[in-house]
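A quick write-up on the structure given underneath.
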Amino acid sequence: MSDALSDEFFAEVGDKYYPQVLEGLEKLAAGEVAPGIEVLARPLHTIKGVTGFMPGFEAASHLTHKVESFLKKLQAGSLPHSADNLSLASYGVNSVFAAIEQIRDLGAPDQGEIDAVCEVLEAATGGAQGGAQAASANCVAREAGPDGPVLRLTCARVHTKAQADQLVGAILALPQTEPVILDLSGVTTFGSSVWEDLTGLAGMWTIRVRGLKGAARETFYAWDLDAVFQLAPEAAATGEALQ
């Protein structure tokens, strides 16, 4: 499989995410469970979000979701930090990257392998969790701006997976040749998990932020996201950069 978006994603996986994952797996192997999972969480969360919107990568996204859920249970202490569970965690993480490599080299992952890994993870946690997340109303309005497309958030609170999926999908639909302006002027709170979903896109799209205020602004700076996302020129001019 080869196109501009997938090639950039594979490069990001090899150059950025895999080294982070290796560090996390080394900590798990040394018994540093909480620090190891914390290191693993960000690259896996980003991979899950990005692959969920790339044609042909859906199975890898599903697998990453299962692995991420297993790690969260370990982190929360609802699963014991036994040698078997830690080995299964490492196996699941490595399976994600194996699936991505299969997509890169063969055009598709081995669905049988993915199903087997998911079944083992579900068995270890006592079965899959039920309940489907209801899709929320559309919260992203696309507008034309003088410096590039503008994505204006129309929801005051942006926290849910459905909202993150809408925003990631809207960015993926845009060309990478122009900066994307993320307008948060109507947003009061913006969840850190949504920012995490966007972080993986920042290396492929130039994402500029404007309209930061209140708790959304506090989250932005608390997570040092000003090192990842640019402020739009008008935002910097009006003093949004001042903390």
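Ligands are numbered from 1 in the order shown, chains are lettered A, B, ... in the order of the structure tokens, and residues start at 1 in each chain.
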Can you tell me which residues surround A:Ser69 at a distance of at most 12 Å, considering only C-alpha atoms, apart from same-chain residues fewer than 6 positions away, and format the answer as a CSV table (one decimal) with N, CA and C atoms, in the first residue's frame?
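Now in part01.csv:
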chain,number,residue,atom,x,y,z
A,37,ILE,N,3.0,2.0,31.0
A,37,ILE,CA,1.8,2.2,30.4
A,37,ILE,C,1.6,3.7,30.0
A,41,ALA,N,0.7,4.9,26.3
A,41,ALA,CA,-0.6,5.4,26.0
A,41,ALA,C,-0.7,6.4,24.9
A,44,LEU,N,-0.1,4.8,21.2
A,44,LEU,CA,-1.2,3.9,20.9
A,44,LEU,C,-2.5,4.7,20.6
A,45,HIS,N,-2.8,5.6,21.5
A,45,HIS,CA,-4.0,6.4,21.3
A,45,HIS,C,-4.0,7.1,20.0
A,48,LYS,N,-4.5,4.6,17.1
A,48,LYS,CA,-5.9,4.1,17.0
A,48,LYS,C,-6.7,5.2,16.3
A,62,HIS,N,-9.0,-1.3,15.3
A,62,HIS,CA,-9.8,-2.1,16.2
A,62,HIS,C,-8.9,-2.8,17.2
A,63,LEU,N,-7.8,-3.4,16.6
A,63,LEU,CA,-6.9,-4.1,17.5
A,63,LEU,C,-6.2,-3.1,18.5
A,75,GLN,N,-3.5,-0.4,34.2
A,75,GLN,CA,-3.2,0.8,34.9
A,75,GLN,C,-4.1,1.1,36.0
A,76,ALA,N,-5.4,0.8,35.9
A,76,ALA,CA,-6.3,1.1,36.9
A,76,ALA,C,-6.3,0.1,38.1
A,78,SER,N,-7.5,-2.9,37.9
A,78,SER,CA,-8.6,-3.9,37.8
A,78,SER,C,-8.2,-5.3,37.3
A,79,LEU,N,-6.9,-5.3,36.7
A,79,LEU,CA,-6.3,-6.5,36.4
A,79,LEU,C,-5.0,-6.6,37.2
A,89,ALA,N,0.3,-8.0,27.6
A,89,ALA,CA,0.3,-6.5,27.2
A,89,ALA,C,1.4,-6.3,26.1
A,92,GLY,N,0.3,-7.8,22.8
A,92,GLY,CA,-0.7,-7.0,22.2
A,92,GLY,C,-0.2,-5.8,21.5
A,93,VAL,N,0.8,-5.1,22.2
A,93,VAL,CA,1.4,-3.9,21.6
A,93,VAL,C,2.2,-4.3,20.4
A,118,CYS,N,-7.3,-10.4,19.8
A,118,CYS,CA,-8.5,-9.8,20.4
A,118,CYS,C,-9.2,-10.7,21.3
A,121,LEU,N,-7.2,-11.2,24.5
A,121,LEU,CA,-7.3,-10.0,25.4
A,121,LEU,C,-8.7,-10.0,26.1
A,122,GLU,N,-9.7,-10.3,25.3
A,122,GLU,CA,-11.1,-10.3,25.9
A,122,GLU,C,-11.2,-11.4,27.0
A,124,ALA,N,-8.8,-12.5,28.8
A,124,ALA,CA,-8.1,-12.1,30.0
A,124,ALA,C,-8.8,-11.1,30.9
A,125,THR,N,-9.7,-10.3,30.2
A,125,THR,CA,-10.4,-9.3,31.0
A,125,THR,C,-11.8,-9.7,31.3
A,127,GLY,N,-14.2,-10.9,29.1
A,127,GLY,CA,-15.2,-10.6,28.1
A,127,GLY,C,-15.2,-9.2,27.6
A,128,ALA,N,-15.8,-9.0,26.5
A,128,ALA,CA,-15.9,-7.6,25.9
A,128,ALA,C,-16.9,-6.8,26.7
A,129,GLN,N,-16.6,-5.5,26.8
A,129,GLN,CA,-17.5,-4.6,27.4
A,129,GLN,C,-18.7,-4.3,26.5
(request) Write out as a PyMOL selection string which residues come within 10 Å of stretch 169-179 of chain A when counting only C-alpha atoms, dropping same-chain ones fewer than 2 positions away. (result) chain A and resi 4-5+49-50+52-54+140-142+147-151+163-167+181-182+198+201+204-208+230+232
(message) What's around A:Ala215 at 9 Å? Count only C-alpha atoms, leave out sequence neighbours fewer than 2 positions away in its own chain, and write the answer as a PyMOL selection string.
(response) chain A and resi 188-190+212-213+217-220
(message) Just checking: using only C-alpha atoms, which residue out of A:Asp105, A:Asp15, A:Glu26, A:Asp110 ends up closest to A:Gly203?
(response)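 When distances to A:Gly203 are compared using only C-alpha atoms, the smallest one comes from A:Asp15.
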(request) Report as a PyMOL selection string: the residues of stretch 92-197 of chain A with a DSSP assignment of helix (DSSP H, G or I), based on the backbone of this structure. (result) chain A and resi 92-106+111-124+161-172+192-197
(request) Tell me, as a count of residues only, which residues lie within 10 Å of A:Val117, counting only C-alpha atoms; anything in the same chain fewer than 5 positions away does not count. (result) 12
(message) I'd like to know which of A:Ser193, A:Asp183, A:Ser90, A:Phe10 is closest to A:Gln102, using only C-alpha atoms.
(response) A:Phe10
From stretch 34-237 of chain A, collect each residue whose DSSP state is strand (DSSP E or B) and return the set as a PDB file with N, CA, C and O atoms, in the first residue's frame.
ATOM      1  N   VAL A 140     -18.468  20.076  13.987  1.00  0.00           N
ATOM      2  CA  VAL A 140     -17.391  20.703  13.228  1.00  0.00           C
ATOM      3  C   VAL A 140     -17.971  21.373  11.990  1.00  0.00           C
ATOM      4  O   VAL A 140     -18.613  20.720  11.163  1.00  0.00           O
ATOM      5  N   ALA A 141     -17.777  22.680  11.882  1.00  0.00           N
ATOM      6  CA  ALA A 141     -18.230  23.429  10.711  1.00  0.00           C
ATOM      7  C   ALA A 141     -17.005  23.865   9.910  1.00  0.00           C
ATOM      8  O   ALA A 141     -16.092  24.488  10.451  1.00  0.00           O
ATOM      9  N   ARG A 142     -16.983  23.516   8.630  1.00  0.00           N
ATOM     10  CA  ARG A 142     -15.856  23.896   7.774  1.00  0.00           C
ATOM     11  C   ARG A 142     -16.167  25.214   7.089  1.00  0.00           C
ATOM     12  O   ARG A 142     -17.237  25.390   6.507  1.00  0.00           O
ATOM     13  N   GLU A 143     -15.199  26.137   7.144  1.00  0.00           N
ATOM     14  CA  GLU A 143     -15.349  27.444   6.535  1.00  0.00           C
ATOM     15  C   GLU A 143     -14.074  27.786   5.761  1.00  0.00           C
ATOM     16  O   GLU A 143     -13.012  27.220   6.015  1.00  0.00           O
ATOM     17  N   ALA A 144     -14.197  28.692   4.831  1.00  0.00           N
ATOM     18  CA  ALA A 144     -13.040  29.156   4.069  1.00  0.00           C
ATOM     19  C   ALA A 144     -12.426  30.359   4.776  1.00  0.00           C
ATOM     20  O   ALA A 144     -13.143  31.259   5.233  1.00  0.00           O
ATOM     21  N   GLY A 145     -11.112  30.380   4.886  1.00  0.00           N
ATOM     22  CA  GLY A 145     -10.416  31.499   5.495  1.00  0.00           C
ATOM     23  C   GLY A 145      -9.359  32.044   4.565  1.00  0.00           C
ATOM     24  O   GLY A 145      -8.959  31.372   3.611  1.00  0.00           O
ATOM     25  N   GLY A 148      -6.312  29.686   4.664  1.00  0.00           N
ATOM     26  CA  GLY A 148      -6.541  28.253   4.563  1.00  0.00           C
ATOM     27  C   GLY A 148      -7.882  27.881   5.161  1.00  0.00           C
ATOM     28  O   GLY A 148      -8.613  28.738   5.690  1.00  0.00           O
ATOM     29  N   PRO A 149      -8.251  26.597   5.113  1.00  0.00           N
ATOM     30  CA  PRO A 149      -9.544  26.168   5.641  1.00  0.00           C
ATOM     31  C   PRO A 149      -9.631  26.357   7.149  1.00  0.00           C
ATOM     32  O   PRO A 149      -8.637  26.218   7.869  1.00  0.00           O
ATOM     33  N   VAL A 150     -10.832  26.667   7.620  1.00  0.00           N
ATOM     34  CA  VAL A 150     -11.098  26.859   9.041  1.00  0.00           C
ATOM     35  C   VAL A 150     -12.076  25.778   9.497  1.00  0.00           C
ATOM     36  O   VAL A 150     -13.111  25.559   8.862  1.00  0.00           O
ATOM     37  N   LEU A 151     -11.744  25.095  10.573  1.00  0.00           N
ATOM     38  CA  LEU A 151     -12.650  24.153  11.204  1.00  0.00           C
ATOM     39  C   LEU A 151     -13.116  24.772  12.516  1.00  0.00           C
ATOM     40  O   LEU A 151     -12.339  24.904  13.465  1.00  0.00           O
ATOM     41  N   ARG A 152     -14.377  25.180  12.521  1.00  0.00           N
ATOM     42  CA  ARG A 152     -14.938  25.854  13.707  1.00  0.00           C
ATOM     43  C   ARG A 152     -15.730  24.854  14.534  1.00  0.00           C
ATOM     44  O   ARG A 152     -16.647  24.208  14.049  1.00  0.00           O
ATOM     45  N   LEU A 153     -15.367  24.729  15.806  1.00  0.00           N
ATOM     46  CA  LEU A 153     -16.069  23.832  16.713  1.00  0.00           C
ATOM     47  C   LEU A 153     -17.341  24.511  17.205  1.00  0.00           C
ATOM     48  O   LEU A 153     -17.294  25.630  17.716  1.00  0.00           O
ATOM     49  N   ARG A 157     -18.617  22.059  24.762  1.00  0.00           N
ATOM     50  CA  ARG A 157     -17.786  21.063  25.448  1.00  0.00           C
ATOM     51  C   ARG A 157     -17.355  20.007  24.430  1.00  0.00           C
ATOM     52  O   ARG A 157     -18.207  19.355  23.819  1.00  0.00           O
ATOM     53  N   VAL A 158     -16.055  19.831  24.273  1.00  0.00           N
ATOM     54  CA  VAL A 158     -15.524  18.858  23.316  1.00  0.00           C
ATOM     55  C   VAL A 158     -14.720  17.826  24.103  1.00  0.00           C
ATOM     56  O   VAL A 158     -13.586  18.102  24.521  1.00  0.00           O
ATOM     57  N   VAL A 180      -4.303  24.368   8.514  1.00  0.00           N
ATOM     58  CA  VAL A 180      -5.677  24.218   8.989  1.00  0.00           C
ATOM     59  C   VAL A 180      -5.842  25.094  10.223  1.00  0.00           C
ATOM     60  O   VAL A 180      -5.046  25.009  11.166  1.00  0.00           O
ATOM     61  N   ILE A 181      -6.849  25.938  10.216  1.00  0.00           N
ATOM     62  CA  ILE A 181      -7.137  26.784  11.374  1.00  0.00           C
ATOM     63  C   ILE A 181      -8.211  26.111  12.217  1.00  0.00           C
ATOM     64  O   ILE A 181      -9.319  25.836  11.732  1.00  0.00           O
ATOM     65  N   LEU A 182      -7.894  25.837  13.467  1.00  0.00           N
ATOM     66  CA  LEU A 182      -8.846  25.238  14.403  1.00  0.00           C
ATOM     67  C   LEU A 182      -9.422  26.360  15.258  1.00  0.00           C
ATOM     68  O   LEU A 182      -8.715  26.936  16.094  1.00  0.00           O
ATOM     69  N   ASP A 183     -10.687  26.706  15.031  1.00  0.00           N
ATOM     70  CA  ASP A 183     -11.327  27.827  15.711  1.00  0.00           C
ATOM     71  C   ASP A 183     -12.081  27.320  16.937  1.00  0.00           C
ATOM     72  O   ASP A 183     -13.099  26.642  16.829  1.00  0.00           O
ATOM     73  N   THR A 189     -14.628  24.090  27.152  1.00  0.00           N
ATOM     74  CA  THR A 189     -13.739  23.029  27.634  1.00  0.00           C
ATOM     75  C   THR A 189     -13.408  22.096  26.479  1.00  0.00           C
ATOM     76  O   THR A 189     -14.276  21.766  25.666  1.00  0.00           O
ATOM     77  N   PHE A 190     -12.134  21.687  26.412  1.00  0.00           N
ATOM     78  CA  PHE A 190     -11.640  20.842  25.323  1.00  0.00           C
ATOM     79  C   PHE A 190     -10.785  19.761  25.958  1.00  0.00           C
ATOM     80  O   PHE A 190      -9.741  20.041  26.536  1.00  0.00           O
ATOM     81  N   ILE A 207      -1.380  22.641  11.837  1.00  0.00           N
ATOM     82  CA  ILE A 207      -2.630  22.941  12.544  1.00  0.00           C
ATOM     83  C   ILE A 207      -2.402  24.164  13.423  1.00  0.00           C
ATOM     84  O   ILE A 207      -1.534  24.156  14.303  1.00  0.00           O
ATOM     85  N   ARG A 208      -3.167  25.212  13.151  1.00  0.00           N
ATOM     86  CA  ARG A 208      -3.074  26.445  13.925  1.00  0.00           C
ATOM     87  C   ARG A 208      -4.358  26.630  14.735  1.00  0.00           C
ATOM     88  O   ARG A 208      -5.444  26.300  14.276  1.00  0.00           O
ATOM     89  N   VAL A 209      -4.203  27.154  15.923  1.00  0.00           N
ATOM     90  CA  VAL A 209      -5.324  27.261  16.861  1.00  0.00           C
ATOM     91  C   VAL A 209      -5.631  28.722  17.127  1.00  0.00           C
ATOM     92  O   VAL A 209      -4.727  29.551  17.298  1.00  0.00           O
ATOM     93  N   ARG A 210      -6.935  29.046  17.178  1.00  0.00           N
ATOM     94  CA  ARG A 210      -7.346  30.392  17.565  1.00  0.00           C
ATOM     95  C   ARG A 210      -8.598  30.287  18.438  1.00  0.00           C
ATOM     96  O   ARG A 210      -9.273  29.270  18.466  1.00  0.00           O
ATOM     97  N   GLN A 230       0.560  25.421  16.424  1.00  0.00           N
ATOM     98  CA  GLN A 230       0.838  26.844  16.295  1.00  0.00           C
ATOM     99  C   GLN A 230      -0.400  27.662  16.653  1.00  0.00           C
ATOM    100  O   GLN A 230      -1.530  27.201  16.485  1.00  0.00           O
ATOM    101  N   LEU A 231      -0.173  28.868  17.145  1.00  0.00           N
ATOM    102  CA  LEU A 231      -1.268  29.820  17.287  1.00  0.00           C
ATOM    103  C   LEU A 231      -1.467  30.517  15.950  1.00  0.00           C
ATOM    104  O   LEU A 231      -0.491  30.870  15.284  1.00  0.00           O
TER     105      LEU A 231
END
(request) Kindly give the distance, in Å, that separates atom CA of A:Pro43 and atom CA of A:Val21, rounded to a single decimal. (result)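 Computing it gives 7.2 Å between the two atoms.
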(request) Quick one: pull the distance between atom CA of A:Pro233 and atom CA of A:Ser185, Å, one decimal. (result) 14.6 Å
(request) Do a neighbour search on A:Gln20 at 9 Å with only C-alpha atoms, toss out local chain neighbours closer than 6 positions, and write the hits as JSON, numbers by chain. (result) {"A": [39, 40, 42, 43]}
